[in-house]
$ cat structure.pdb   # PDB, C-alpha atoms, pLDDT in the B column
ATOM      1  CA  MET A   1       2.723 121.754 138.106  1.00 73.00           C
ATOM      2  CA  THR A   2       5.639 121.062 135.810  1.00 82.00           C
ATOM      3  CA  VAL A   3       6.593 123.114 132.755  1.00 79.00           C
ATOM      4  CA  LEU A   4       4.801 120.535 130.612  1.00 79.00           C
ATOM      5  CA  ASP A   5       1.531 121.121 132.496  1.00 82.00           C
ATOM      6  CA  TYR A   6       1.849 124.878 131.960  1.00 86.00           C
ATOM      7  CA  ALA A   7       2.507 124.195 128.259  1.00 83.00           C
ATOM      8  CA  TYR A   8      -0.716 122.142 128.054  1.00 86.00           C
ATOM      9  CA  VAL A   9      -2.741 124.906 129.730  1.00 88.00           C
ATOM     10  CA  ALA A  10      -1.231 127.563 127.418  1.00 88.00           C
ATOM     11  CA  THR A  11      -1.907 125.390 124.352  1.00 89.00           C
ATOM     12  CA  PHE A  12      -5.542 124.711 125.243  1.00 90.00           C
ATOM     13  CA  THR A  13      -6.085 128.400 126.094  1.00 91.00           C
ATOM     14  CA  MET A  14      -4.702 129.569 122.745  1.00 90.00           C
ATOM     15  CA  LEU A  15      -6.783 126.997 120.839  1.00 90.00           C
ATOM     16  CA  GLY A  16      -9.890 128.056 122.817  1.00 91.00           C
ATOM     17  CA  VAL A  17      -9.345 131.739 122.040  1.00 92.00           C
ATOM     18  CA  GLY A  18      -8.801 130.721 118.394  1.00 91.00           C
ATOM     19  CA  VAL A  19     -12.173 128.940 118.289  1.00 91.00           C
ATOM     20  CA  LEU A  20     -13.879 132.008 119.796  1.00 91.00           C
ATOM     21  CA  LEU A  21     -12.309 134.261 117.133  1.00 90.00           C
ATOM     22  CA  VAL A  22     -13.448 131.871 114.377  1.00 90.00           C
ATOM     23  CA  LEU A  23     -16.977 131.867 115.833  1.00 90.00           C
ATOM     24  CA  TYR A  24     -16.939 135.694 115.778  1.00 90.00           C
ATOM     25  CA  ARG A  25     -16.115 135.623 112.046  1.00 88.00           C
ATOM     26  CA  LEU A  26     -18.746 132.889 111.555  1.00 89.00           C
ATOM     27  CA  VAL A  27     -21.429 135.196 112.982  1.00 89.00           C
ATOM     28  CA  ARG A  28     -20.161 138.337 111.204  1.00 85.00           C
ATOM     29  CA  GLY A  29     -19.945 136.725 107.754  1.00 75.00           C
ATOM     30  CA  PRO A  30     -20.393 138.712 105.558  1.00 83.00           C
ATOM     31  CA  SER A  31     -20.284 136.197 102.707  1.00 83.00           C
ATOM     32  CA  VAL A  32     -21.393 132.555 102.809  1.00 85.00           C
ATOM     33  CA  LEU A  33     -17.846 131.662 101.694  1.00 86.00           C
ATOM     34  CA  ASP A  34     -16.465 133.301 104.867  1.00 88.00           C
ATOM     35  CA  ARG A  35     -18.667 130.967 106.882  1.00 89.00           C
ATOM     36  CA  ILE A  36     -17.488 127.956 104.860  1.00 89.00           C
ATOM     37  CA  VAL A  37     -13.867 128.950 105.555  1.00 89.00           C
ATOM     38  CA  CYS A  38     -14.781 129.216 109.259  1.00 90.00           C
ATOM     39  CA  LEU A  39     -16.279 125.713 109.137  1.00 88.00           C
ATOM     40  CA  ASN A  40     -12.945 124.345 107.929  1.00 89.00           C
ATOM     41  CA  ALA A  41     -10.966 126.409 110.452  1.00 90.00           C
ATOM     42  CA  VAL A  42     -13.084 125.026 113.313  1.00 91.00           C
ATOM     43  CA  SER A  43     -12.512 121.440 112.162  1.00 90.00           C
ATOM     44  CA  VAL A  44      -8.724 122.028 111.994  1.00 90.00           C
ATOM     45  CA  LEU A  45      -8.771 123.560 115.492  1.00 91.00           C
ATOM     46  CA  VAL A  46     -10.769 120.601 116.834  1.00 91.00           C
ATOM     47  CA  VAL A  47      -8.224 118.185 115.320  1.00 91.00           C
ATOM     48  CA  SER A  48      -5.481 120.292 116.959  1.00 91.00           C
ATOM     49  CA  ALA A  49      -7.211 120.094 120.345  1.00 91.00           C
ATOM     50  CA  ILE A  50      -7.641 116.301 120.057  1.00 91.00           C
ATOM     51  CA  THR A  51      -3.908 116.094 119.211  1.00 89.00           C
ATOM     52  CA  VAL A  52      -3.056 117.906 122.455  1.00 89.00           C
ATOM     53  CA  GLU A  53      -5.454 115.652 124.372  1.00 89.00           C
ATOM     54  CA  ALA A  54      -3.662 112.605 122.897  1.00 87.00           C
ATOM     55  CA  ALA A  55      -0.361 114.089 124.127  1.00 86.00           C
ATOM     56  CA  VAL A  56      -1.788 114.740 127.619  1.00 86.00           C
ATOM     57  CA  ARG A  57      -2.968 111.147 127.957  1.00 84.00           C
ATOM     58  CA  GLY A  58      -0.072 109.618 125.994  1.00 81.00           C
ATOM     59  CA  ASP A  59      -2.744 107.517 124.310  1.00 80.00           C
ATOM     60  CA  THR A  60      -3.022 106.504 120.653  1.00 79.00           C
ATOM     61  CA  ALA A  61      -6.762 105.765 120.835  1.00 83.00           C
ATOM     62  CA  TYR A  62      -7.494 109.351 119.719  1.00 85.00           C
ATOM     63  CA  ILE A  63      -5.891 108.997 116.292  1.00 85.00           C
ATOM     64  CA  GLY A  64      -8.974 107.407 114.694  1.00 85.00           C
ATOM     65  CA  LEU A  65     -11.053 110.302 116.009  1.00 89.00           C
ATOM     66  CA  MET A  66      -8.562 112.818 114.568  1.00 88.00           C
ATOM     67  CA  VAL A  67      -8.664 111.230 111.114  1.00 87.00           C
ATOM     68  CA  THR A  68     -12.498 111.114 111.228  1.00 89.00           C
ATOM     69  CA  VAL A  69     -12.892 114.784 112.183  1.00 90.00           C
ATOM     70  CA  ALA A  70     -10.304 115.850 109.585  1.00 88.00           C
ATOM     71  CA  LEU A  71     -12.102 113.808 106.899  1.00 89.00           C
ATOM     72  CA  LEU A  72     -15.530 115.197 107.841  1.00 90.00           C
ATOM     73  CA  GLY A  73     -14.147 118.743 107.847  1.00 89.00           C
ATOM     74  CA  PHE A  74     -12.634 118.275 104.403  1.00 90.00           C
ATOM     75  CA  VAL A  75     -15.683 116.635 102.791  1.00 92.00           C
ATOM     76  CA  GLY A  76     -18.094 119.052 104.497  1.00 91.00           C
ATOM     77  CA  THR A  77     -16.186 122.141 103.417  1.00 89.00           C
ATOM     78  CA  LEU A  78     -15.766 120.890  99.861  1.00 90.00           C
ATOM     79  CA  THR A  79     -19.475 119.996  99.571  1.00 89.00           C
ATOM     80  CA  ALA A  80     -20.585 123.364 100.976  1.00 87.00           C
ATOM     81  CA  ALA A  81     -18.252 125.170  98.544  1.00 86.00           C
ATOM     82  CA  ARG A  82     -19.618 123.246  95.568  1.00 85.00           C
ATOM     83  CA  PHE A  83     -23.201 124.030  96.613  1.00 84.00           C
ATOM     84  CA  ALA A  84     -22.312 127.730  96.862  1.00 80.00           C
ATOM     85  CA  GLU A  85     -20.910 127.577  93.329  1.00 77.00           C
ATOM     86  CA  ARG A  86     -23.954 125.853  91.887  1.00 65.00           C
ATOM     87  CA  ARG A  87     -26.277 128.468  93.413  1.00 60.00           C
ATOM     88  CA  ALA A  88     -24.212 131.192  91.765  1.00 52.00           C
ATOM     89  CA  HIS A  89     -24.682 129.471  88.385  1.00 55.00           C
ATOM     90  CA  ASP A  90     -28.443 129.112  88.876  1.00 58.00           C
ATOM     91  CA  ARG A  91     -28.739 132.838  89.477  1.00 54.00           C
ATOM     92  CA  GLY A  92     -26.522 133.678  86.539  1.00 46.00           C
TER      93      GLY A  92
ATOM     94  CA  MET B   1      11.108 116.111 133.143  1.00 72.00           C
ATOM     95  CA  THR B   2      12.739 114.171 130.343  1.00 82.00           C
ATOM     96  CA  ALA B   3      14.099 115.619 127.088  1.00 80.00           C
ATOM     97  CA  ALA B   4      10.939 114.462 125.275  1.00 79.00           C
ATOM     98  CA  ASP B   5       8.808 116.419 127.766  1.00 81.00           C
ATOM     99  CA  TRP B   6      10.821 119.583 127.094  1.00 85.00           C
ATOM    100  CA  ILE B   7      10.444 119.171 123.320  1.00 84.00           C
ATOM    101  CA  THR B   8       6.672 118.761 123.764  1.00 83.00           C
ATOM    102  CA  ALA B   9       6.523 121.753 126.128  1.00 84.00           C
ATOM    103  CA  VAL B  10       8.092 123.934 123.403  1.00 86.00           C
ATOM    104  CA  LEU B  11       6.323 122.543 120.317  1.00 89.00           C
ATOM    105  CA  LEU B  12       2.728 122.480 121.627  1.00 88.00           C
ATOM    106  CA  PRO B  13       2.406 126.189 122.597  1.00 89.00           C
ATOM    107  CA  LEU B  14       4.293 127.135 119.411  1.00 91.00           C
ATOM    108  CA  GLY B  15       1.814 125.153 117.296  1.00 90.00           C
ATOM    109  CA  ALA B  16      -1.151 126.664 119.149  1.00 91.00           C
ATOM    110  CA  LEU B  17       0.358 130.123 118.615  1.00 91.00           C
ATOM    111  CA  PHE B  18       0.421 129.521 114.854  1.00 92.00           C
ATOM    112  CA  ALA B  19      -3.235 128.429 114.947  1.00 90.00           C
ATOM    113  CA  LEU B  20      -4.139 131.512 117.011  1.00 91.00           C
ATOM    114  CA  VAL B  21      -2.294 133.886 114.654  1.00 91.00           C
ATOM    115  CA  GLY B  22      -4.174 132.329 111.732  1.00 89.00           C
ATOM    116  CA  THR B  23      -7.548 132.928 113.382  1.00 91.00           C
ATOM    117  CA  VAL B  24      -6.584 136.528 114.234  1.00 91.00           C
ATOM    118  CA  GLY B  25      -5.927 136.989 110.516  1.00 88.00           C
ATOM    119  CA  LEU B  26      -9.314 135.401 109.793  1.00 87.00           C
ATOM    120  CA  VAL B  27     -10.960 138.119 111.905  1.00 88.00           C
ATOM    121  CA  ARG B  28      -8.810 141.093 110.872  1.00 87.00           C
ATOM    122  CA  PHE B  29      -8.120 140.744 107.124  1.00 86.00           C
ATOM    123  CA  PRO B  30     -10.272 142.896 104.810  1.00 84.00           C
ATOM    124  CA  THR B  31     -10.840 140.583 101.818  1.00 84.00           C
ATOM    125  CA  LEU B  32     -12.326 137.111 101.413  1.00 84.00           C
ATOM    126  CA  LEU B  33      -9.219 135.650  99.756  1.00 84.00           C
ATOM    127  CA  GLY B  34      -6.994 137.190 102.439  1.00 83.00           C
ATOM    128  CA  ARG B  35      -9.127 135.710 105.201  1.00 86.00           C
ATOM    129  CA  MET B  36      -9.083 132.318 103.462  1.00 86.00           C
ATOM    130  CA  HIS B  37      -5.285 132.489 103.259  1.00 86.00           C
ATOM    131  CA  ALA B  38      -4.997 133.405 106.949  1.00 86.00           C
ATOM    132  CA  ALA B  39      -7.411 130.664 108.001  1.00 84.00           C
ATOM    133  CA  THR B  40      -5.657 127.794 106.216  1.00 87.00           C
ATOM    134  CA  LYS B  41      -1.862 128.191 106.021  1.00 88.00           C
ATOM    135  CA  PRO B  42      -0.890 129.010 109.627  1.00 90.00           C
ATOM    136  CA  ASP B  43      -3.423 126.453 110.916  1.00 88.00           C
ATOM    137  CA  THR B  44      -1.666 123.767 108.864  1.00 89.00           C
ATOM    138  CA  VAL B  45       1.791 124.697 110.192  1.00 91.00           C
ATOM    139  CA  GLY B  46       0.347 124.830 113.710  1.00 90.00           C
ATOM    140  CA  LEU B  47      -1.205 121.384 113.351  1.00 90.00           C
ATOM    141  CA  PHE B  48       2.125 119.976 112.089  1.00 92.00           C
ATOM    142  CA  LEU B  49       3.943 121.368 115.160  1.00 92.00           C
ATOM    143  CA  LEU B  50       1.225 120.044 117.493  1.00 91.00           C
ATOM    144  CA  LEU B  51       1.390 116.582 115.895  1.00 90.00           C
ATOM    145  CA  LEU B  52       5.202 116.542 116.218  1.00 89.00           C
ATOM    146  CA  GLY B  53       4.955 117.680 119.832  1.00 88.00           C
ATOM    147  CA  ALA B  54       2.321 115.040 120.643  1.00 87.00           C
ATOM    148  CA  ALA B  55       4.430 112.304 119.010  1.00 86.00           C
ATOM    149  CA  PHE B  56       7.083 112.733 121.740  1.00 85.00           C
ATOM    150  CA  GLN B  57       4.501 111.897 124.433  1.00 83.00           C
ATOM    151  CA  LEU B  58       3.408 108.595 122.875  1.00 82.00           C
ATOM    152  CA  PRO B  59       4.944 105.330 124.141  1.00 79.00           C
ATOM    153  CA  ASP B  60       6.847 104.299 120.994  1.00 80.00           C
ATOM    154  CA  LEU B  61       7.476 105.174 117.358  1.00 78.00           C
ATOM    155  CA  ARG B  62       4.914 102.679 116.049  1.00 80.00           C
ATOM    156  CA  SER B  63       2.025 104.297 117.917  1.00 80.00           C
ATOM    157  CA  ALA B  64       3.156 107.746 116.709  1.00 80.00           C
ATOM    158  CA  ALA B  65       3.187 106.719 113.014  1.00 83.00           C
ATOM    159  CA  PRO B  66      -0.562 107.414 112.431  1.00 85.00           C
ATOM    160  CA  LEU B  67       0.094 111.044 113.420  1.00 87.00           C
ATOM    161  CA  ALA B  68       2.166 111.339 110.240  1.00 88.00           C
ATOM    162  CA  LEU B  69      -0.938 110.119 108.377  1.00 87.00           C
ATOM    163  CA  VAL B  70      -2.972 112.994 109.838  1.00 87.00           C
ATOM    164  CA  ALA B  71      -0.236 115.460 108.793  1.00 89.00           C
ATOM    165  CA  LEU B  72      -0.119 114.012 105.266  1.00 90.00           C
ATOM    166  CA  PHE B  73      -3.915 114.158 105.026  1.00 89.00           C
ATOM    167  CA  GLN B  74      -3.928 117.813 106.074  1.00 88.00           C
ATOM    168  CA  ALA B  75      -1.159 118.646 103.591  1.00 90.00           C
ATOM    169  CA  VAL B  76      -3.135 117.044 100.729  1.00 91.00           C
ATOM    170  CA  THR B  77      -6.615 118.405 101.547  1.00 90.00           C
ATOM    171  CA  VAL B  78      -5.824 122.067 102.336  1.00 89.00           C
ATOM    172  CA  PRO B  79      -4.588 122.975  98.807  1.00 90.00           C
ATOM    173  CA  VAL B  80      -7.652 121.238  97.313  1.00 91.00           C
ATOM    174  CA  LEU B  81      -9.963 123.215  99.622  1.00 89.00           C
ATOM    175  CA  THR B  82      -8.323 126.598  99.051  1.00 88.00           C
ATOM    176  CA  GLN B  83      -8.222 126.091  95.288  1.00 88.00           C
ATOM    177  CA  THR B  84     -11.921 125.139  95.212  1.00 88.00           C
ATOM    178  CA  LEU B  85     -12.944 128.007  97.511  1.00 87.00           C
ATOM    179  CA  GLY B  86     -10.895 130.481  95.469  1.00 85.00           C
ATOM    180  CA  ARG B  87     -12.567 129.345  92.252  1.00 84.00           C
ATOM    181  CA  VAL B  88     -16.034 129.534  93.826  1.00 85.00           C
ATOM    182  CA  ALA B  89     -15.266 133.038  95.141  1.00 83.00           C
ATOM    183  CA  TYR B  90     -14.138 134.063  91.648  1.00 82.00           C
ATOM    184  CA  SER B  91     -17.230 132.631  89.949  1.00 79.00           C
ATOM    185  CA  ARG B  92     -19.452 134.451  92.457  1.00 78.00           C
ATOM    186  CA  GLY B  93     -17.612 137.708  91.793  1.00 76.00           C
ATOM    187  CA  GLU B  94     -16.484 138.009  95.424  1.00 75.00           C
ATOM    188  CA  THR B  95     -12.791 138.577  94.663  1.00 77.00           C
ATOM    189  CA  ASP B  96     -11.945 142.264  95.119  1.00 75.00           C
ATOM    190  CA  GLU B  97     -10.273 143.386  91.914  1.00 75.00           C
ATOM    191  CA  GLU B  98      -8.453 146.308  93.542  1.00 75.00           C
ATOM    192  CA  TYR B  99      -6.520 143.827  95.715  1.00 75.00           C
ATOM    193  CA  LEU B 100      -5.574 141.476  92.846  1.00 77.00           C
ATOM    194  CA  VAL B 101      -2.037 141.846  91.471  1.00 79.00           C
ATOM    195  CA  THR B 102      -2.610 139.547  88.513  1.00 78.00           C
ATOM    196  CA  ASP B 103      -5.797 137.901  87.249  1.00 78.00           C
ATOM    197  CA  GLU B 104      -4.628 134.828  85.337  1.00 78.00           C
ATOM    198  CA  LEU B 105      -8.041 133.171  85.554  1.00 80.00           C
ATOM    199  CA  ALA B 106      -9.587 135.991  83.488  1.00 80.00           C
ATOM    200  CA  GLU B 107      -7.208 135.141  80.613  1.00 83.00           C
ATOM    201  CA  ALA B 108      -8.093 131.443  80.924  1.00 81.00           C
ATOM    202  CA  VAL B 109     -11.825 132.229  80.941  1.00 80.00           C
ATOM    203  CA  GLU B 110     -11.367 134.441  77.877  1.00 82.00           C
ATOM    204  CA  ARG B 111      -9.455 131.667  76.034  1.00 85.00           C
ATOM    205  CA  ALA B 112     -12.145 129.122  76.917  1.00 82.00           C
ATOM    206  CA  ARG B 113     -14.840 131.461  75.590  1.00 83.00           C
ATOM    207  CA  LYS B 114     -12.946 131.907  72.311  1.00 86.00           C
ATOM    208  CA  ASP B 115     -12.508 128.119  71.985  1.00 85.00           C
ATOM    209  CA  ALA B 116     -16.228 127.577  72.552  1.00 81.00           C
ATOM    210  CA  GLU B 117     -17.199 129.905  69.702  1.00 77.00           C
TER     211      GLU B 117
END
$ encode --input "structure.pdb" --output "structure tokens"
Amino acid sequence: MTVLDYAYVATFTMLGVGVLLVLYRLVRGPSVLDRIVCLNAVSVLVVSAITVEAAVRGDTAYIGLMVTVALLGFVGTLTAARFAERRAHDRG
Amino acid sequence: MTAADWITAVLLPLGALFALVGTVGLVRFPTLLGRMHAATKPDTVGLFLLLLGAAFQLPDLRSAAPLALVALFQAVTVPVLTQTLGRVAYSRGETDEEYLVTDELAEAVERARKDAE
């Protein structure tokens, strides 16, 4: 294994541990907004992992996938946040 | 190993480290706004470093150009998300007042209420 291979392993390991930590916060909560923040953090970490995969393969075919996941993460988080706000108003 | 490989070997773990530090903050910080801050800013820096590191592994500059698009997209969407989430947290009363240094939104809300009357 070259230094680059070790770098890939270290990168994937750190991103994997990051996802596990986000999932811990996702389960713990306590607020619905915490879970929405976790949703966005997971999507950013997935985009990061796909970026590393693109580097491993030296392939540009992954870029469309990266843009799609980033877009879905953004729209999903924004929509969830707006729903949370509307429910607060209904209660009020 | 070429020079490009060495640059990638430094930038990728560094970017992942930023992402990891951000998620540690997401678990450890006591307030909602603090956790939101920790979850978004270091992740963005980490993604930038990862994208830059990945660009050195792609065959030419033209195929690496869309990576800049991903970086630009992240830089535009994250402030929108954090601003929206912060406002939602405020309207739900989930911002801890003892941790706030200033509360400029309260003044704005007060002004809006006066204007409405």
$ axis_aligned_box --input "structure.pdb" --around "stretch 38-46 of chain A" --padding-each-side "4 Å" --output "AutoDock Vina command-line options"
--center_x -12.5 --center_y 124.9 --center_z 112.4 --size_x 15.6 --size_y 16.6 --size_z 16.9
$ atom_distance --input "structure.pdb" --atom1 "atom CA of A:Ala70" --atom2 "atom CA of A:Ala7"
24.1 Å
$ atom_distance --input "structure.pdb" --atom1 "atom CA of B:Leu50" --atom2 "atom CA of B:Leu14"
8.0 Å
$ interface_residues --input "structure.pdb" --of "chain A" --to "chain B" --cutoff "6 Å" --atoms "only C-alpha atoms" --output "number ranges by chain"
A: 4, 7, 11, 14-15, 18, 25, 48, 55, 58, 85, 88
$ atom_distance --input "structure.pdb" --atom1 "atom CA of A:Val37" --atom2 "atom CA of B:Val45"
16.9 Å
$ closest_residue --input "structure.pdb" --among "B:Val76, B:Phe29, B:Lys114, B:Lys41" --to "A:Leu71" --atoms "only C-alpha atoms"
B:Val76
$ closest_residue --input "structure.pdb" --among "B:Leu61, B:Ala68, B:Ala116, B:Ala3" --to "A:Val67" --atoms "all atoms listed in the file"
B:Ala68
